[in-house]
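Structure file structure.cif (mmCIF, C-alpha atoms and all ligand atoms) is printed below.
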```
data_input
#
loop_
_atom_site.label_atom_id
_atom_site.label_comp_id
_atom_site.auth_asym_id
_atom_site.auth_seq_id
_atom_site.Cartn_x
_atom_site.Cartn_y
_atom_site.Cartn_z
CA MET G 1 57.45 51.76 90.41
CA ARG G 2 56.01 48.98 88.30
CA ARG G 3 52.75 47.57 89.59
CA LYS G 4 52.97 43.80 89.93
CA LEU G 5 50.77 41.62 87.72
CA ALA G 6 49.47 38.09 88.20
CA ALA G 7 48.13 36.84 84.87
CA GLY G 8 46.43 33.55 84.06
CA ASN G 9 46.37 31.94 80.62
CA TRP G 10 43.61 29.36 80.48
CA LYS G 11 44.72 28.21 77.00
CA MET G 12 42.14 25.85 75.43
CA ASN G 13 40.42 25.08 78.73
CA GLY G 14 37.19 26.30 80.24
CA THR G 15 33.45 26.47 79.75
CA ALA G 16 30.67 28.34 81.52
CA ASP G 17 30.99 25.87 84.42
CA ASP G 18 34.35 27.41 85.21
CA LEU G 19 32.95 30.89 85.78
CA ALA G 20 32.69 29.77 89.41
CA GLN G 21 36.48 30.13 89.55
CA ILE G 22 36.15 33.84 88.74
CA GLU G 23 33.55 34.20 91.46
CA ALA G 24 35.88 32.51 93.95
CA LEU G 25 38.87 34.60 92.88
CA THR G 26 37.13 37.96 93.08
CA ALA G 27 35.67 37.02 96.46
CA ALA G 28 39.06 35.95 97.84
CA PHE G 29 40.83 39.09 96.54
CA ALA G 30 38.21 41.80 96.95
CA ALA G 31 40.80 44.59 96.88
CA PRO G 32 44.00 43.13 95.38
CA SER G 33 47.27 45.01 95.85
CA VAL G 34 48.52 43.66 92.51
CA ASP G 35 46.96 43.73 89.05
CA LEU G 36 45.09 40.58 88.04
CA LEU G 37 44.43 39.32 84.52
CA ILE G 38 42.73 36.18 83.24
CA CYS G 39 42.87 35.21 79.57
CA PRO G 40 40.17 32.58 78.97
CA PRO G 41 39.01 31.07 75.68
CA ALA G 42 37.33 33.84 73.67
CA THR G 43 33.89 32.28 74.23
CA LEU G 44 34.14 33.12 77.93
CA ILE G 45 35.40 36.71 77.75
CA ALA G 46 32.03 38.47 77.79
CA GLN G 47 30.66 36.17 80.49
CA MET G 48 33.72 36.71 82.68
CA VAL G 49 33.47 40.46 82.25
CA TRP G 50 29.84 40.26 83.35
CA LYS G 51 30.63 37.87 86.22
CA LYS G 52 33.40 40.00 87.73
CA GLY G 53 31.27 43.15 87.68
CA ALA G 54 33.13 46.14 89.13
CA HIS G 55 36.06 44.05 90.40
CA PRO G 56 39.43 45.28 89.01
CA LEU G 57 40.25 41.84 87.57
CA ALA G 58 41.13 42.36 83.90
CA ILE G 59 40.00 39.92 81.21
CA GLY G 60 42.10 39.31 78.11
CA GLY G 61 42.23 37.39 74.86
CA GLN G 62 44.87 34.78 74.00
CA ASP G 63 45.59 35.96 70.47
CA CYS G 64 44.33 38.47 67.91
CA HIS G 65 44.47 38.84 64.14
CA THR G 66 46.53 41.61 62.58
CA ALA G 67 43.42 43.03 60.87
CA ALA G 68 40.51 44.74 62.60
CA LYS G 69 37.87 42.80 60.64
CA GLY G 70 37.31 40.88 57.45
CA ALA G 71 37.32 37.49 55.79
CA HIS G 72 39.45 35.49 58.24
CA THR G 73 37.41 32.45 59.24
CA GLY G 74 38.09 31.26 62.77
CA ASP G 75 40.18 34.25 63.78
CA ILE G 76 39.35 37.00 66.24
CA SER G 77 40.36 40.64 66.04
CA ALA G 78 41.56 43.05 68.69
CA PRO G 79 38.52 45.37 68.33
CA ILE G 80 36.19 42.36 68.71
CA LEU G 81 38.03 41.37 71.92
CA ALA G 82 37.77 44.94 73.16
CA ALA G 83 34.06 45.10 72.36
CA ALA G 84 33.56 41.93 74.43
CA GLY G 85 35.15 43.71 77.38
CA ALA G 86 38.75 42.52 77.12
CA THR G 87 41.45 45.03 78.04
CA ALA G 88 44.50 42.94 77.13
CA VAL G 89 45.60 40.22 74.73
CA LEU G 90 48.47 37.74 74.69
CA VAL G 91 50.49 37.83 71.47
CA GLY G 92 53.29 35.53 70.39
CA HIS G 93 52.72 32.79 72.93
CA SER G 94 55.15 29.95 72.18
CA GLU G 95 52.22 27.62 71.49
CA ARG G 96 51.04 30.03 68.75
CA ARG G 97 54.59 30.39 67.45
CA THR G 98 54.79 26.56 67.23
CA ASP G 99 51.22 25.59 66.26
CA HIS G 100 50.69 28.46 63.80
CA GLN G 101 54.24 29.28 62.72
CA GLU G 102 53.99 32.81 64.11
CA THR G 103 57.13 34.89 63.56
CA ASP G 104 58.47 37.88 65.48
CA ALA G 105 57.39 40.16 62.61
CA LEU G 106 53.82 38.84 62.76
CA VAL G 107 53.73 39.14 66.55
CA SER G 108 54.81 42.78 66.27
CA VAL G 109 51.96 43.55 63.85
CA LYS G 110 49.51 41.79 66.19
CA ALA G 111 50.78 43.91 69.09
CA THR G 112 50.18 47.02 66.98
CA ALA G 113 46.64 45.79 66.24
CA ALA G 114 46.15 45.42 70.01
CA TYR G 115 47.37 48.99 70.65
CA ASP G 116 45.06 50.32 67.92
CA ALA G 117 42.11 48.68 69.69
CA GLY G 118 43.15 50.10 73.06
CA LEU G 119 44.33 46.74 74.41
CA THR G 120 47.47 46.03 76.40
CA ALA G 121 49.65 43.58 74.48
CA VAL G 122 51.27 40.86 76.57
CA ILE G 123 54.14 39.93 74.25
CA CYS G 124 55.50 36.44 74.95
CA ILE G 125 59.06 35.33 74.27
CA GLY G 126 61.37 32.56 75.45
CA GLU G 127 64.00 30.08 74.30
CA THR G 128 63.60 26.39 73.49
CA LEU G 129 65.51 23.68 75.33
CA ALA G 130 67.86 23.27 72.35
CA GLU G 131 68.61 27.00 72.41
CA ARG G 132 69.18 26.94 76.18
CA GLU G 133 71.53 23.97 75.87
CA ALA G 134 73.38 25.61 72.98
CA GLY G 135 74.06 28.62 75.19
CA THR G 136 72.15 31.01 72.91
CA THR G 137 69.35 32.02 75.30
CA LEU G 138 70.27 35.70 75.52
CA ASP G 139 70.75 35.97 71.75
CA VAL G 140 67.34 34.40 71.17
CA VAL G 141 65.72 36.69 73.73
CA ARG G 142 67.46 39.75 72.24
CA ASN G 143 66.20 38.91 68.75
CA GLN G 144 62.66 38.15 69.93
CA LEU G 145 62.49 41.44 71.84
CA ALA G 146 63.83 43.39 68.87
CA GLY G 147 61.49 41.71 66.39
CA SER G 148 58.28 41.30 68.40
CA ILE G 149 57.93 44.69 70.12
CA PRO G 150 56.62 47.58 67.99
CA ASP G 151 58.26 51.00 68.23
CA ALA G 152 54.96 52.32 69.64
CA ALA G 153 55.31 50.20 72.78
CA THR G 154 54.94 52.04 76.09
CA ALA G 155 54.90 51.06 79.75
CA ALA G 156 51.10 51.34 79.65
CA ASN G 157 50.35 49.33 76.52
CA THR G 158 52.97 46.55 76.76
CA VAL G 159 53.83 43.72 79.13
CA ILE G 160 56.60 41.24 78.34
CA ALA G 161 56.22 37.61 79.38
CA TYR G 162 59.43 35.59 79.48
CA GLU G 163 58.41 31.96 79.14
CA PRO G 164 61.17 29.43 78.48
CA VAL G 165 59.47 26.95 76.15
CA TRP G 166 60.96 24.00 77.99
CA ALA G 167 59.44 25.17 81.29
CA ILE G 168 55.87 25.42 79.99
CA GLY G 169 53.66 22.66 81.31
CA THR G 170 56.64 20.50 82.23
CA GLY G 171 57.04 21.17 85.94
CA LYS G 172 60.64 22.22 85.21
CA ILE G 173 61.71 25.77 85.93
CA PRO G 174 65.02 27.53 85.37
CA THR G 175 67.19 28.13 88.40
CA ILE G 176 66.63 31.37 90.24
CA GLU G 177 70.00 32.55 88.88
CA GLN G 178 68.90 31.79 85.32
CA ILE G 179 65.62 33.68 85.81
CA ALA G 180 67.50 36.63 87.29
CA GLU G 181 69.98 36.64 84.41
CA VAL G 182 67.32 36.69 81.68
CA HIS G 183 65.03 39.18 83.44
CA GLY G 184 67.97 41.51 84.09
CA PHE G 185 68.95 41.19 80.44
CA ILE G 186 65.38 41.91 79.26
CA ARG G 187 65.25 45.00 81.47
CA SER G 188 68.50 46.33 80.04
CA GLU G 189 67.31 45.72 76.47
CA LEU G 190 63.99 47.48 77.18
CA THR G 191 65.59 50.52 78.76
CA ALA G 192 68.22 50.73 75.98
CA ARG G 193 65.48 50.88 73.35
CA PHE G 194 62.58 52.59 75.15
CA ALA G 195 64.32 54.62 77.90
CA ALA G 196 61.87 55.49 80.72
CA GLU G 197 59.01 53.63 79.00
CA GLY G 198 61.19 50.53 78.95
CA GLU G 199 61.92 50.98 82.64
CA GLY G 200 58.17 50.98 83.29
CA MET G 201 57.23 47.90 81.24
CA ARG G 202 56.32 44.91 83.36
CA VAL G 203 58.27 41.69 82.71
CA LEU G 204 56.50 38.52 83.82
CA TYR G 205 58.00 35.08 84.28
CA GLY G 206 55.98 32.14 82.91
CA GLY G 207 56.49 28.38 82.86
CA SER G 208 55.38 25.94 85.57
CA VAL G 209 54.67 28.64 88.17
CA LYS G 210 52.97 26.93 91.12
CA PRO G 211 52.02 27.88 94.67
CA SER G 212 55.15 25.97 95.80
CA ASN G 213 57.68 27.96 93.73
CA ALA G 214 55.97 31.35 93.31
CA ALA G 215 57.57 33.10 96.30
CA ASP G 216 61.11 32.20 95.20
CA ILE G 217 60.45 33.40 91.64
CA PHE G 218 58.81 36.64 92.82
CA ALA G 219 61.83 37.42 95.00
CA VAL G 220 63.93 37.93 91.85
CA ALA G 221 64.63 41.63 91.28
CA ASP G 222 63.32 42.13 87.75
CA VAL G 223 60.34 39.76 87.98
CA ASP G 224 57.18 41.88 88.00
CA GLY G 225 54.75 38.99 88.26
CA ALA G 226 53.83 35.80 86.45
CA LEU G 227 51.98 34.43 83.46
CA VAL G 228 50.49 31.22 84.79
CA GLY G 229 48.98 28.40 82.74
CA GLY G 230 47.78 25.24 84.48
CA ALA G 231 47.83 26.70 88.00
CA SER G 232 45.56 29.58 86.95
CA LEU G 233 42.60 27.32 86.15
CA LYS G 234 41.51 26.86 89.76
CA ALA G 235 41.16 29.68 92.25
CA ASP G 236 42.58 27.34 94.91
CA ASP G 237 45.88 27.20 92.97
CA PHE G 238 45.98 30.71 91.55
CA GLY G 239 45.03 32.27 94.90
CA PRO G 240 48.25 31.30 96.72
CA ILE G 241 50.28 32.56 93.74
CA ILE G 242 48.51 35.93 93.96
CA THR G 243 49.11 35.96 97.71
CA ALA G 244 52.82 35.31 97.15
CA LEU G 245 52.97 38.24 94.72
CA GLU G 246 51.06 40.51 97.09
CA ALA G 247 53.65 39.68 99.76
CA THR G 248 56.30 41.42 97.64
CA VAL G 249 54.52 44.79 97.51
P1 LIG U 301 52.18 26.49 82.68
O1 LIG U 301 52.05 27.43 83.87
O2 LIG U 301 51.06 25.51 82.60
O3 LIG U 301 53.54 25.90 82.60
O4 LIG U 301 52.00 27.41 81.35
C1 LIG U 301 52.73 28.58 81.26
C2 LIG U 301 52.22 29.33 80.10
O5 LIG U 301 52.43 28.96 78.95
C3 LIG U 301 51.44 30.55 80.35
O6 LIG U 301 51.25 31.28 79.19
#
```
Represent the supplied structure as structure tokens.
Amino acid sequence: MRRKLAAGNWKMNGTADDLAQIEALTAAFAAPSVDLLICPPATLIAQMVWKKGAHPLAIGGQDCHTAAKGAHTGDISAPILAAAGATAVLVGHSERRTDHQETDALVSVKATAAYDAGLTAVICIGETLAEREAGTTLDVVRNQLAGSIPDAATAANTVIAYEPVWAIGTGKIPTIEQIAEVHGFIRSELTARFAAEGEGMRVLYGGSVKPSNAADIFAVADVDGALVGGASLKADDFGPIITALEATV
């Protein structure tokens, strides 16, 4: 059985003032029945790790360099994230693919860098609106999975986040049927390539997940949780999403 995962991506939001949200979250879910992950700006990782104490909430980075260290001004490496207390890192988020021209091949090397540092790689994929409208969603997803996931991926070191680009931050979500179709397809691709390890990899849905739609999304068979942007910033919003996920276990 795959353990469900509620993950929050704070993107470029958050300062020390927002550590109160972590306090509220860990207080509200003292013994969560699902895995929890927050990926804040890198400046907050160490403080969040300290703030959560022994709580099982995991803290992650939002990106890592392919190299472990060196002359790469402004970048952060997987071992540096790990040393700060992170246990996971997002790689290949669509905003990185767009803002920094990240390719599947680069994302795969970043995921390998994460594995080498002992981090779980949350590998993000998803089609654009133009690709959805052209009817090529499954082809795009197939190619992204093939190109972005290293051969060394296992159920323990890899989580897949399916985030349709057109659903991110827009308030629009695919229909439940569309989510089911893509998640079922991702599962079949993972098991075809990775056998039992592929069966064990968690596949999250991301894109405008809110307290109001979380239960419907989590009822879909191959949805193992969510990667939440805007609604993860406040414990009052993220809390009901976690509760909806807990209701499925
Ligand atoms: P929103 O939940 O704000 O749509 O963002 C989703 C996302 O990109 C998470 O990585």
Next item on the list: Kindly provide, as a PyMOL selection string, all nucleotide and amino acid residues lying within 8 Å of ligand LIG 301 (chain U), counting only C-alpha atoms and all ligand atoms.
Entry: chain G and resi 8-11+93-95+124+163+165+167-171+206-210+227-232
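Among the candidates G:Ala134, G:Ala42, G:Val203, G:Ala196, the one nearest to Ala221 in chain G when counting all atoms listed in the file is G:Val203.
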Check: Mind listing as a PyMOL selection string all residues within 10 Å of (64.7, 50.8, 72.2), counting only C-alpha atoms?
Finding: chain G and resi 145-146+149-151+153+188-195+197-198
Checklist line | Pick from G:Thr98, G:Gln21, G:Thr66, G:Thr26, whichever lies nearest to Ala113 in chain G using only C-alpha atoms | finding: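 Looking at the shortest contact to Ala113 in chain G, the residue is G:Thr66.
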Check: What is the distance between CA of Gln144 in chain G and CA of Ala180 in chain G, in Å to one decimal?
Finding: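 CA of Ala180 in chain G lies 18.1 Å from CA of Gln144 in chain G.
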Next item on the list: Identify, on the basis of all atoms listed in the file, every residue whose closest approach to Ser77 in chain G does not exceed 8 Å; exclude the query and any residue fewer than 5 positions from it along the same chain; express the result as a PyMOL selection string.
Entry: chain G and resi 64-69
Next item on the list: Name the residues within 8 Å of (38.6, 27.0, 80.3), counting all atoms listed in the file in the file's coordinates, and put them as a VMD selection string.
Entry: chain G and resid 10 to 15 18 40 to 41 44 233
Notebook entry, point to check: Can you list, as a PyMOL selection string, every protein, DNA or RNA residue that comes within 10 Å of Arg96 in chain G when you count all atoms listed in the file, leaving out same-chain residues fewer than 5 positions away?
Noted result: chain G and resi 62-63+91+101-103+107+124
Notebook entry, point to check: So, counting only C-alpha atoms, which residue among G:Met48, G:Val159, G:Ala20, G:Ala130 is closest to Arg2 in chain G?
Noted result: G:Val159
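Coordinates place CA of Ala114 in chain G at a distance of 18.5 Å from CA of Thr43 in chain G.
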Checklist line | Distance criterion (only C-alpha atoms): nearest to Gln178 in chain G out of G:Gly147, G:Val220, G:Arg202, G:Ala46 | finding: G:Val220
Give me the residues of range 35-92 of chain G that have any atom at most 12 Å from an atom of range 223-226 of chain G; for each, the nearest atom pair and the distance in Å, rounded to one decimal. Use all atoms listed in the file, sort by chain and number, and format it as JSON lines.
```
{"residue": "G:Asp35", "atom": "CA", "partner": "G:Gly225", "partner_atom": "CA", "distance": 9.2}
{"residue": "G:Leu36", "atom": "CA", "partner": "G:Gly225", "partner_atom": "CA", "distance": 9.8}
{"residue": "G:Leu37", "atom": "CA", "partner": "G:Ala226", "partner_atom": "CA", "distance": 10.2}
{"residue": "G:Ile38", "atom": "CA", "partner": "G:Ala226", "partner_atom": "CA", "distance": 11.6}
```
Next item on the list: Just give me the gap between CA of Tyr162 in chain G and CA of Gly92 in chain G in Å, one decimal is fine.
Entry: 11.0 Å
Check: From the set G:Phe185, G:Trp166, G:Tyr115, G:Tyr205, which residue has the shortest atom-to-atom contact distance to Val141 in chain G, counting all atoms listed in the file?
Finding: G:Phe185
Check: For Ile76 in chain G, which residue out of G:Lys110, G:Asp104, G:Ser212, G:Val140 is the nearest one, using only C-alpha atoms?
Finding: G:Lys110
Note to self: For Leu138 in chain G, find every residue with an atom within 10 Å (counting all atoms listed in the file), except residues of its own chain fewer than 6 positions away, and show them as a PyMOL selection string.
What the structure shows: chain G and resi 126-127+131-132+144+181-182+185-186
Please enclose the listed atoms of range 91-97 of chain G in an axis-aligned box, pad each side by 6 Å, and write out the centre and the three edge lengths in Å, rounded to one decimal, as JSON.
```
{"center_x": 52.8, "center_y": 32.7, "center_z": 70.2, "size_x": 16.7, "size_y": 22.2, "size_z": 17.5}
```
